[in-house]
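Heads up, model.txt below (compact mmCIF, C-alpha atoms and all ligand atoms):
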# COMPACT_ATOMS: atom_id res chain seq x y z
CA MET A 1 0.00 0.00 0.00
CA GLN A 2 1.40 3.36 -1.04
CA LEU A 3 0.82 5.95 1.64
CA PRO A 4 0.95 9.71 1.02
CA GLY A 5 4.51 11.05 1.22
CA VAL A 6 6.03 7.90 -0.26
CA SER A 7 7.38 8.56 -3.74
CA ASP A 8 6.82 6.12 -6.58
CA VAL A 9 10.53 5.32 -6.68
CA GLU A 10 10.69 4.56 -2.98
CA PHE A 11 7.51 2.52 -3.19
CA GLU A 12 8.82 0.45 -6.10
CA ALA A 13 12.21 -0.10 -4.46
CA SER A 14 10.58 -1.32 -1.29
CA LEU A 15 8.33 -3.71 -3.22
CA ALA A 16 11.31 -5.00 -5.20
CA GLU A 17 13.01 -5.70 -1.90
CA LEU A 18 9.94 -7.54 -0.59
CA ARG A 19 10.06 -9.68 -3.74
CA GLN A 20 13.69 -10.47 -2.99
CA LEU A 21 12.76 -11.32 0.60
CA ALA A 22 9.97 -13.58 -0.70
CA LYS A 23 12.41 -15.31 -3.02
CA THR A 24 14.80 -15.86 -0.13
CA LEU A 25 11.96 -17.63 1.70
CA GLY A 26 11.36 -19.83 -1.34
CA PHE A 27 8.16 -18.16 -2.52
CA ALA A 28 7.47 -17.47 -6.18
CA VAL A 29 5.61 -14.19 -6.57
CA VAL A 30 2.45 -14.82 -8.62
CA ALA A 31 0.92 -11.35 -8.40
CA THR A 32 1.61 -7.91 -7.02
CA PHE A 33 -1.30 -6.10 -5.55
CA THR A 34 -1.05 -2.39 -4.79
CA GLN A 35 -3.30 0.37 -3.57
CA LYS A 36 -2.85 4.09 -2.90
CA ARG A 37 -4.53 5.03 0.31
CA ALA A 38 -4.39 7.80 2.92
CA GLY A 39 -3.77 5.24 5.66
CA PHE A 40 -4.29 1.61 6.66
CA ASP A 41 -7.83 0.34 7.02
CA ALA A 42 -8.23 -0.07 10.77
CA THR A 43 -9.89 -3.46 10.43
CA ALA A 44 -7.86 -5.24 7.81
CA TYR A 45 -5.17 -3.04 6.23
CA PHE A 46 -6.79 -2.88 2.76
CA GLY A 47 -10.20 -1.33 2.21
CA GLN A 48 -13.28 -3.46 1.76
CA GLY A 49 -13.31 -3.40 -2.05
CA LYS A 50 -9.63 -4.25 -2.35
CA ARG A 51 -10.03 -7.13 0.08
CA GLU A 52 -12.63 -8.67 -2.18
CA GLU A 53 -10.33 -8.33 -5.16
CA LEU A 54 -7.57 -9.90 -3.13
CA ARG A 55 -9.77 -12.80 -2.16
CA ALA A 56 -10.53 -13.54 -5.82
CA LEU A 57 -6.82 -13.39 -6.62
CA VAL A 58 -5.94 -15.77 -3.78
CA GLN A 59 -8.60 -18.23 -4.90
CA ALA A 60 -7.05 -18.24 -8.37
CA GLY A 61 -3.98 -19.73 -6.71
CA ALA A 62 -1.80 -18.32 -3.93
CA ASP A 63 -0.50 -19.75 -0.67
CA ALA A 64 0.28 -16.56 1.15
CA VAL A 65 -0.09 -12.80 1.03
CA LEU A 66 2.96 -10.75 1.96
CA VAL A 67 2.29 -7.20 3.14
CA ASP A 68 5.03 -4.59 2.76
CA HIS A 69 4.29 -2.95 6.13
CA GLU A 70 4.17 -4.00 9.71
CA ILE A 71 0.49 -4.43 10.50
CA SER A 72 -1.30 -5.02 13.79
CA PRO A 73 -2.21 -8.51 15.00
CA SER A 74 -5.92 -7.93 14.46
CA GLN A 75 -5.39 -6.44 10.99
CA ALA A 76 -3.32 -9.48 10.03
CA HIS A 77 -5.89 -11.84 11.48
CA ASN A 78 -8.83 -10.20 9.72
CA LEU A 79 -7.01 -9.93 6.41
CA ALA A 80 -6.04 -13.62 6.56
CA LYS A 81 -9.62 -14.59 7.30
CA GLU A 82 -10.99 -12.62 4.37
CA ALA A 83 -8.27 -13.53 1.90
CA GLY A 84 -8.51 -17.18 2.84
CA CYS A 85 -4.77 -17.73 3.19
CA GLU A 86 -1.81 -16.96 5.40
CA VAL A 87 -0.81 -13.30 5.73
CA MET A 88 2.76 -12.32 6.57
CA ASP A 89 3.78 -8.75 7.11
CA ARG A 90 7.27 -7.41 6.35
CA THR A 91 8.45 -7.96 9.90
CA MET A 92 7.21 -11.54 9.92
CA VAL A 93 8.95 -12.23 6.61
CA ILE A 94 12.27 -10.89 7.90
CA LEU A 95 11.92 -12.77 11.18
CA GLU A 96 11.24 -15.98 9.27
CA ILE A 97 14.38 -15.51 7.16
CA PHE A 98 16.46 -14.83 10.25
CA HIS A 99 14.94 -17.90 11.85
CA ARG A 100 15.90 -20.11 8.91
CA HIS A 101 19.39 -18.69 8.54
CA ALA A 102 20.41 -18.68 12.18
CA ARG A 103 23.17 -21.23 12.75
CA SER A 104 25.02 -20.61 15.98
CA SER A 105 23.25 -21.02 19.29
CA ALA A 106 23.65 -17.31 19.96
CA ALA A 107 22.00 -16.32 16.69
CA ARG A 108 19.22 -18.85 17.26
CA ALA A 109 18.51 -17.52 20.73
CA GLN A 110 18.55 -13.94 19.49
CA VAL A 111 16.09 -14.69 16.71
CA GLU A 112 13.84 -16.65 19.03
CA ILE A 113 13.63 -13.74 21.45
CA ALA A 114 12.67 -11.41 18.62
CA ARG A 115 10.12 -13.90 17.30
CA LEU A 116 8.53 -14.47 20.68
CA GLY A 117 8.27 -10.73 21.23
CA TYR A 118 6.57 -10.41 17.88
CA MET A 119 4.44 -13.57 17.96
CA GLY A 120 3.15 -13.08 21.49
CA PRO A 121 0.46 -10.49 20.69
CA ARG A 122 -0.42 -12.36 17.51
CA LEU A 123 -0.97 -15.66 19.27
CA ARG A 124 -3.16 -13.88 21.78
CA GLU A 125 -5.13 -12.30 18.97
CA ALA A 126 -5.69 -15.69 17.37
CA ALA A 127 -6.82 -17.15 20.70
CA LYS A 128 -9.15 -14.21 21.31
CA GLN A 129 -10.66 -14.51 17.84
CA ALA A 130 -11.04 -18.25 18.12
CA GLY A 131 -13.29 -17.75 21.15
CA PRO A 132 -13.82 -20.11 24.09
CA LYS A 133 -14.99 -23.07 21.96
CA ASP A 134 -11.80 -23.41 20.03
CA ARG A 135 -9.37 -22.75 22.80
CA ALA A 136 -8.52 -26.37 23.30
CA ARG A 137 -7.23 -26.45 19.75
CA SER A 138 -4.66 -23.72 20.16
CA GLY A 139 -3.20 -26.19 22.63
CA THR A 140 -1.01 -24.72 25.34
CA GLY A 141 -2.23 -27.54 27.60
CA GLY A 142 -1.87 -27.90 31.35
CA ARG A 143 -3.65 -24.66 32.09
CA SER A 144 -4.53 -24.20 35.74
CA GLY A 145 -8.10 -23.32 36.68
CA GLY A 146 -8.27 -19.62 37.41
CA GLU A 147 -5.95 -18.28 34.75
CA SER A 148 -7.18 -17.06 31.40
CA HIS A 149 -5.59 -18.41 28.30
CA GLY A 150 -4.07 -15.05 27.38
CA GLU A 151 -2.44 -14.55 30.77
CA LEU A 152 -0.91 -17.98 30.72
CA ASP A 153 0.51 -17.52 27.23
CA ARG A 154 1.84 -14.14 28.16
CA ARG A 155 3.57 -15.58 31.18
CA LYS A 156 5.00 -18.54 29.27
CA ILE A 157 6.38 -16.28 26.59
CA ARG A 158 7.85 -13.92 29.16
CA ASP A 159 9.51 -16.80 31.00
CA ARG A 160 10.93 -18.25 27.81
CA ILE A 161 12.34 -14.85 26.77
CA ALA A 162 13.93 -14.43 30.21
CA GLU A 163 15.45 -17.91 29.97
CA LEU A 164 16.87 -17.27 26.50
CA GLN A 165 18.19 -13.91 27.59
CA LYS A 166 20.04 -15.56 30.44
CA GLU A 167 21.63 -18.08 28.09
CA LEU A 168 22.62 -15.29 25.76
CA ASP A 169 24.16 -13.21 28.52
CA ALA A 170 26.28 -16.19 29.50
CA MET A 171 27.41 -16.74 25.90
CA HIS A 172 28.11 -13.07 25.55
CA LEU A 173 30.30 -12.99 28.62
CA GLU A 174 32.21 -16.01 27.40
CA ARG A 175 32.79 -14.38 24.03
CA ARG A 176 33.98 -11.17 25.60
CA THR A 177 36.56 -13.03 27.62
CA GLN A 178 37.74 -14.94 24.59
CA ARG A 179 37.86 -11.80 22.55
CA ALA A 180 39.84 -9.92 25.15
CA ARG A 181 42.37 -12.75 25.29
CA ARG A 182 42.61 -12.87 21.54
CA GLN A 183 43.22 -9.14 21.36
CA VAL A 184 46.01 -9.22 23.87
CA ARG A 185 47.66 -11.97 21.87
CA GLN A 186 47.24 -10.46 18.50
CA GLY A 187 47.31 -6.72 18.81
CA LEU A 188 44.26 -4.58 18.41
CA ALA A 189 43.74 -3.64 14.80
CA ARG A 190 40.16 -4.51 13.95
CA VAL A 191 38.03 -3.69 10.97
CA ALA A 192 34.36 -4.58 10.52
CA LEU A 193 32.50 -4.94 7.23
CA VAL A 194 29.07 -3.38 7.64
CA GLY A 195 26.29 -2.49 5.24
CA TYR A 196 22.99 -3.33 3.67
CA THR A 197 22.07 -6.97 3.15
CA ASN A 198 23.40 -8.46 -0.11
CA ALA A 199 25.91 -5.62 -0.66
CA GLY A 200 28.78 -8.10 -0.87
CA LYS A 201 30.24 -8.02 2.65
CA SER A 202 30.88 -11.76 2.84
CA THR A 203 32.33 -11.78 -0.66
CA LEU A 204 34.80 -9.10 0.38
CA MET A 205 35.49 -10.97 3.61
CA ARG A 206 36.45 -14.02 1.57
CA ALA A 207 38.60 -12.05 -0.79
CA LEU A 208 40.36 -10.08 1.94
CA THR A 209 41.04 -12.98 4.27
CA ALA A 210 41.30 -15.91 1.87
CA SER A 211 38.64 -17.71 3.90
CA GLU A 212 35.36 -19.45 3.27
CA ALA A 213 32.64 -17.05 4.35
CA LEU A 214 29.15 -17.94 3.20
CA VAL A 215 28.21 -15.97 0.11
CA ALA A 216 24.72 -16.22 -1.33
CA ASP A 217 22.41 -14.20 -3.47
CA LYS A 218 19.95 -14.17 -0.61
CA LEU A 219 19.01 -11.56 1.90
CA PHE A 220 20.51 -12.10 5.33
CA ALA A 221 22.79 -14.93 4.31
CA THR A 222 25.06 -13.95 7.20
CA LEU A 223 23.69 -13.75 10.72
CA ASP A 224 26.75 -14.49 12.78
CA THR A 225 29.75 -12.32 12.97
CA THR A 226 32.86 -14.12 11.79
CA VAL A 227 36.36 -12.88 12.44
CA ARG A 228 39.43 -13.66 10.31
CA ALA A 229 42.87 -12.20 9.84
CA LEU A 230 43.55 -10.01 6.84
CA HIS A 231 45.54 -12.01 4.31
CA PRO A 232 48.44 -11.74 3.61
CA GLU A 233 49.24 -10.79 7.18
CA GLY A 234 51.27 -7.73 8.01
CA VAL A 235 51.94 -5.46 10.93
CA PRO A 236 49.81 -4.74 12.70
CA ARG A 237 47.88 -7.94 12.24
CA VAL A 238 44.42 -6.80 11.14
CA LEU A 239 41.31 -8.75 12.09
CA VAL A 240 38.33 -8.47 9.79
CA SER A 241 34.77 -9.17 10.93
CA ASP A 242 31.81 -9.84 8.68
CA THR A 243 28.50 -8.77 10.19
CA VAL A 244 24.76 -9.16 9.76
CA GLY A 245 23.29 -7.00 6.99
CA PHE A 246 20.88 -4.14 7.50
CA ILE A 247 17.57 -3.52 5.81
CA LYS A 248 14.92 -0.83 5.72
CA ASN A 249 12.46 -1.28 8.60
CA LEU A 250 14.59 -3.88 10.32
CA PRO A 251 12.22 -5.11 13.01
CA HIS A 252 13.04 -3.41 16.26
CA GLY A 253 13.18 -6.64 18.17
CA LEU A 254 15.90 -7.77 15.80
CA ILE A 255 18.01 -4.65 16.19
CA ALA A 256 17.99 -5.20 19.92
CA SER A 257 18.72 -8.91 19.51
CA PHE A 258 21.59 -8.40 17.15
CA LYS A 259 23.17 -5.59 19.10
CA SER A 260 25.53 -8.03 20.74
CA THR A 261 26.56 -9.40 17.35
CA LEU A 262 27.10 -5.88 16.17
CA ASP A 263 29.27 -5.17 19.18
CA GLU A 264 32.01 -6.53 16.99
CA ALA A 265 31.43 -3.57 14.75
CA LEU A 266 31.54 -1.21 17.69
CA GLU A 267 34.84 -2.55 18.85
CA ALA A 268 36.43 -2.09 15.46
CA SER A 269 38.68 0.91 14.90
CA LEU A 270 37.58 1.06 11.29
CA LEU A 271 34.27 0.32 9.61
CA VAL A 272 34.27 -0.64 5.97
CA GLN A 273 30.82 0.43 4.88
CA VAL A 274 29.88 -1.65 1.85
CA VAL A 275 27.31 -0.31 -0.61
CA ASP A 276 25.96 -2.03 -3.73
CA ALA A 277 26.77 0.57 -6.40
CA SER A 278 24.75 -1.31 -9.01
CA ASP A 279 21.52 -0.88 -7.06
CA PRO A 280 19.61 2.19 -8.30
CA GLY A 281 18.38 2.65 -4.72
CA PHE A 282 21.88 2.64 -3.22
CA GLU A 283 21.40 6.04 -1.58
CA ARG A 284 18.50 4.71 0.43
CA GLN A 285 20.67 1.74 1.47
CA LEU A 286 23.37 4.12 2.53
CA ALA A 287 20.90 6.17 4.57
CA VAL A 288 19.49 3.08 6.29
CA THR A 289 22.99 1.87 7.15
CA ASP A 290 23.93 5.27 8.57
CA GLU A 291 20.79 5.25 10.68
CA VAL A 292 21.40 1.80 12.12
CA LEU A 293 25.03 2.63 12.84
CA ASP A 294 23.89 5.73 14.70
CA GLU A 295 21.36 3.70 16.57
CA ILE A 296 23.89 1.17 17.82
CA GLY A 297 26.27 3.93 18.83
CA ALA A 298 28.86 3.47 16.08
CA LYS A 299 28.45 6.94 14.66
CA ASP A 300 31.96 8.10 15.46
CA VAL A 301 33.95 5.07 14.39
CA PRO A 302 36.07 6.05 11.34
CA ARG A 303 34.63 4.72 8.09
CA LEU A 304 35.85 3.73 4.70
CA LEU A 305 33.04 3.99 2.19
CA VAL A 306 33.20 1.22 -0.41
CA PHE A 307 30.97 1.09 -3.48
CA ASN A 308 31.01 -2.53 -4.55
CA LYS A 309 29.62 -4.40 -7.61
CA ILE A 310 30.65 -1.63 -10.02
CA ASP A 311 31.10 -4.39 -12.64
CA ARG A 312 27.31 -4.80 -12.57
CA GLY A 313 26.49 -1.15 -12.99
CA GLY A 314 26.62 2.26 -11.38
CA ASP A 315 28.18 5.56 -12.33
CA GLU A 316 31.76 5.50 -11.09
CA ALA A 317 32.54 9.12 -11.98
CA ALA A 318 29.40 10.42 -10.26
CA LEU A 319 30.17 8.38 -7.13
CA ARG A 320 33.71 9.70 -6.92
CA ALA A 321 32.49 13.26 -7.38
CA LYS A 322 29.85 12.95 -4.69
CA TYR A 323 31.85 10.91 -2.14
CA PRO A 324 35.41 12.15 -2.51
CA ARG A 325 37.18 9.64 -0.31
CA CYS A 326 35.25 6.55 -1.37
CA ILE A 327 36.57 3.38 -2.99
CA VAL A 328 34.71 2.22 -6.09
CA MET A 329 35.36 -1.42 -6.84
CA SER A 330 34.23 -4.91 -7.71
CA ALA A 331 34.85 -7.81 -5.37
CA ARG A 332 35.28 -9.87 -8.53
CA ARG A 333 38.44 -8.02 -9.58
CA GLU A 334 41.62 -9.04 -7.87
CA GLY A 335 43.27 -5.66 -8.40
CA ASP A 336 40.36 -3.88 -6.75
CA VAL A 337 40.47 -6.16 -3.74
CA ALA A 338 44.21 -5.53 -3.43
CA GLN A 339 43.51 -1.81 -3.45
CA LEU A 340 40.98 -2.16 -0.63
CA HIS A 341 43.46 -4.31 1.26
CA GLU A 342 46.03 -1.56 0.82
CA ALA A 343 43.63 1.13 2.07
CA ILE A 344 42.84 -0.89 5.21
CA VAL A 345 46.49 -1.54 5.96
CA ALA A 346 47.33 2.12 5.36
CA PHE A 347 44.67 3.16 7.88
CA PHE A 348 46.21 1.05 10.59
CA ARG A 349 49.79 1.91 9.77
CA ARG A 350 48.97 5.57 10.16
CA ASN A 351 48.60 5.01 13.88
CA LEU A 352 51.79 3.07 14.38
CA VAL A 353 54.46 4.48 16.64
CA GLU A 354 58.02 3.44 17.30
CA ALA A 355 59.05 2.24 20.72
CA GLU A 356 61.84 0.46 22.53
CA LEU A 357 61.17 -2.60 24.60
CA PHE A 358 63.48 -4.53 26.84
CA LEU A 359 62.74 -8.22 27.06
CA PRO A 360 64.53 -9.83 30.01
CA TRP A 361 65.50 -13.49 29.74
CA SER A 362 62.86 -14.29 32.33
CA ALA A 363 60.08 -12.96 30.05
CA GLN A 364 61.02 -14.70 26.81
CA LYS A 365 57.57 -16.19 26.56
CA LEU A 366 56.34 -12.71 25.51
CA ARG A 367 58.62 -12.79 22.50
CA GLY A 368 56.02 -14.39 20.26
CA GLU A 369 53.47 -11.81 21.28
CA ILE A 370 55.80 -8.95 20.48
CA PHE A 371 56.54 -10.34 17.06
CA ALA A 372 52.84 -10.90 16.39
CA ALA A 373 51.77 -7.42 17.45
CA CYS A 374 54.67 -5.32 16.22
CA GLU A 375 57.07 -4.87 13.41
CA VAL A 376 60.52 -5.46 14.87
CA LEU A 377 62.99 -2.94 13.44
CA GLU A 378 66.04 -3.88 15.42
CA GLU A 379 67.04 -6.57 17.88
CA ARG A 380 70.13 -6.54 20.12
CA THR A 381 71.17 -8.85 22.89
CA GLU A 382 72.33 -7.12 26.03
CA GLY A 383 73.43 -8.47 29.40
CA GLU A 384 70.07 -9.27 31.00
CA GLY A 385 68.01 -9.98 27.88
CA THR A 386 67.04 -8.61 24.48
CA PHE A 387 66.57 -5.04 23.46
CA LEU A 388 63.98 -4.52 20.71
CA ARG A 389 63.15 -1.47 18.65
CA VAL A 390 59.62 -1.96 17.35
CA ARG A 391 56.78 -0.27 15.54
CA GLY A 392 53.21 -1.00 16.61
CA GLU A 393 49.86 0.31 17.71
CA PRO A 394 50.06 2.55 20.79
CA GLU A 395 47.47 0.40 22.56
CA ALA A 396 49.31 -2.84 21.77
CA LEU A 397 52.56 -1.32 22.98
CA ARG A 398 50.93 -0.16 26.19
CA ARG A 399 49.69 -3.70 26.84
CA LEU A 400 53.10 -5.20 26.14
CA ARG A 401 54.77 -2.70 28.45
CA ASP A 402 52.28 -3.58 31.17
CA GLN A 403 53.20 -7.23 30.82
CA LEU A 404 56.91 -6.45 30.78
CA LYS A 405 56.75 -4.53 34.04
CA PRO A 406 58.88 -6.26 36.64
N1 LIG A 501 28.67 -8.76 -9.90
C1 LIG A 501 29.09 -8.74 -8.65
N2 LIG A 501 28.47 -9.49 -7.73
C2 LIG A 501 28.91 -9.46 -6.46
C3 LIG A 501 30.00 -8.62 -6.07
N3 LIG A 501 30.18 -8.78 -4.73
C4 LIG A 501 29.26 -9.68 -4.32
N4 LIG A 501 28.48 -10.10 -5.35
C5 LIG A 501 27.36 -11.06 -5.29
O1 LIG A 501 26.32 -10.50 -4.48
C6 LIG A 501 25.62 -11.50 -3.74
C7 LIG A 501 25.64 -11.19 -2.26
O2 LIG A 501 26.94 -11.26 -1.77
P1 LIG A 501 27.27 -11.53 -0.23
O3 LIG A 501 28.74 -11.37 -0.09
O4 LIG A 501 26.64 -12.79 0.26
O5 LIG A 501 26.53 -10.28 0.42
P2 LIG A 501 26.42 -9.89 1.98
O6 LIG A 501 26.60 -8.40 2.05
O7 LIG A 501 27.35 -10.71 2.79
O8 LIG A 501 24.90 -10.25 2.27
P3 LIG A 501 24.18 -10.70 3.65
O9 LIG A 501 25.05 -11.67 4.36
O10 LIG A 501 22.92 -11.26 3.16
O11 LIG A 501 23.98 -9.44 4.43
C8 LIG A 501 26.33 -12.81 -4.09
O12 LIG A 501 25.60 -13.45 -5.09
C9 LIG A 501 27.70 -12.37 -4.59
O13 LIG A 501 28.28 -13.29 -5.48
C10 LIG A 501 30.63 -7.81 -7.08
O14 LIG A 501 31.57 -7.03 -6.85
N5 LIG A 501 30.13 -7.93 -8.33
MG MG A 502 26.99 -12.05 4.25

Could you rewrite the structure in this file as structure tokens?
Amino acid sequence: MQLPGVSDVEFEASLAELRQLAKTLGFAVVATFTQKRAGFDATAYFGQGKREELRALVQAGADAVLVDHEISPSQAHNLAKEAGCEVMDRTMVILEIFHRHARSSAARAQVEIARLGYMGPRLREAAKQAGPKDRARSGTGGRSGGESHGELDRRKIRDRIAELQKELDAMHLERRTQRARRQVRQGLARVALVGYTNAGKSTLMRALTASEALVADKLFATLDTTVRALHPEGVPRVLVSDTVGFIKNLPHGLIASFKSTLDEALEASLLVQVVDASDPGFERQLAVTDEVLDEIGAKDVPRLLVFNKIDRGGDEAALRAKYPRCIVMSARREGDVAQLHEAIVAFFRRNLVEAELFLPWSAQKLRGEIFAACEVLEERTEGEGTFLRVRGEPEALRRLRDQLKP
């Protein structure tokens, strides 16, 4: 439904994206049904006349109706009843994709929390509409005498969310500890690939780190953050993380759920913001990404703006004119990837400082750490140990000095 204030271009782009989301879920789109209206119909999203048209269309052969808005539980319920098939709104569609793509236990728990938060009111609506006769069918079972169905469901859902949250907190703590250890060992240069879904983040991750990140022409192929070292390795050693993609109207429950995953992005000293240059709506993607980054508190992390997929289309000259410091590239061209690699390394080398460290014989076990975190310019053996002149990140040097304190 096209509401006032939404331009035709925006409307079309959003519908195209819903089609892509539908495809990701395995649906084939048989018909597109649009209406211009001043606002949603309070009862069932579309107006009466349109609902009848929709019903005829569904009877001609459709399994589901996807709505490109988030609609209320009762609107969804009424529309489903009249259309005679399942109705999924945009939020539901995205949640379903996240649900199917979640692999790690953390991602699964995060998605389940978001789904429960979203499904709760909808289950209650269904139970309410079904009325007392049908309650047995909606089957929560084991209900104690005095409690109404709705209250019990609400409580169950709340308990389950609390339980999942506890599990997640534990996993999160564990990851933080691991991450902290890893950083001490490896120095602190971190870069995160962020951007709209399907922009090519995982493809770049693969190319930059010579690893096997999952790449797919699907929306939200990646839900878990993966971390790999930039390849070939240099000094400082740079860790690259691939992150979950953003989308317009990302359900709020999901933003909250994936905040912890996106923490990786927050801890990076550089964000590589990947944009699909071949998408005519790339500016909207850029705006959405900026918004989400603001929302998670990553506004001030330095960014490298990368326009990817230029081999597929896009106006390179116009991009360079409008975004003076951007990189325009294709992940499919080796030379372009090397250039991005170079830009990332240059960013981190800018911050390097020279320092002198004295490594006593008693602390030789730190030797490996020093060589991993710094570039060693000079090494000299003196009476009590080794004297090293190094170049490294100030933070890494500070940590090494702390460990070298007698
Ligand atoms: N032509 C072309 N296709 C690309 C380029 N980079 C990535 N792709 C394709 O774009 C699709 C999406 O790439 P991914 O790397 O999975 O995108 P992503 O940003 O990780 O997406 P999500 O994980 O879903 O957020 C895949 O089919 C890639 O092969 C490029 O530079 N040129
Ligand atoms: Mg990905």

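The space separating atom CA of Arg90 of chain A from atom CA of Lys128 of chain A comes to 23.2 Å.
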
Can you check which parts of chain A lie within 8 Å of ligand MG 502 (chain A)? Per residue, the shortest pair of atoms and distance in Å to one decimal, counting all atoms listed in the file, sorted by chain and number, as CSV.
residue,atom,partner,partner_atom,distance
A:Thr197,CA,A:MG502,MG,7.2
A:Asn198,CA,A:MG502,MG,6.7
A:Gly200,CA,A:MG502,MG,6.7
A:Lys201,CA,A:MG502,MG,5.4
A:Ser202,CA,A:MG502,MG,4.1
A:Thr203,CA,A:MG502,MG,7.3
A:Ala213,CA,A:MG502,MG,7.5
A:Leu214,CA,A:MG502,MG,6.4
A:Val215,CA,A:MG502,MG,5.8
A:Ala216,CA,A:MG502,MG,7.3
A:Phe220,CA,A:MG502,MG,6.6
A:Ala221,CA,A:MG502,MG,5.1
A:Thr222,CA,A:MG502,MG,4.0
A:Leu223,CA,A:MG502,MG,7.5
A:Asp242,CA,A:MG502,MG,6.9
A:Thr243,CA,A:MG502,MG,7.0
A:Val244,CA,A:MG502,MG,6.6
A:Gly245,CA,A:MG502,MG,6.8

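Atom pair atom CA of Leu357 of chain A / atom CA of Pro394 of chain A: separated by 12.8 Å.
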
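Closest approach to Arg389 of chain A among A:Ile97, A:Ile370, A:Ala76, A:Ala162: A:Ile370, based on all atoms listed in the file.
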
Open item on the list: Given the point (28.8, 1.3, 18.5) in the file's coordinates, find the residues that have an atom at most 7 Å from it, counting only C-alpha atoms, and give them as a PyMOL selection string.
Closed with: chain A and resi 263+265-266+293+296-299
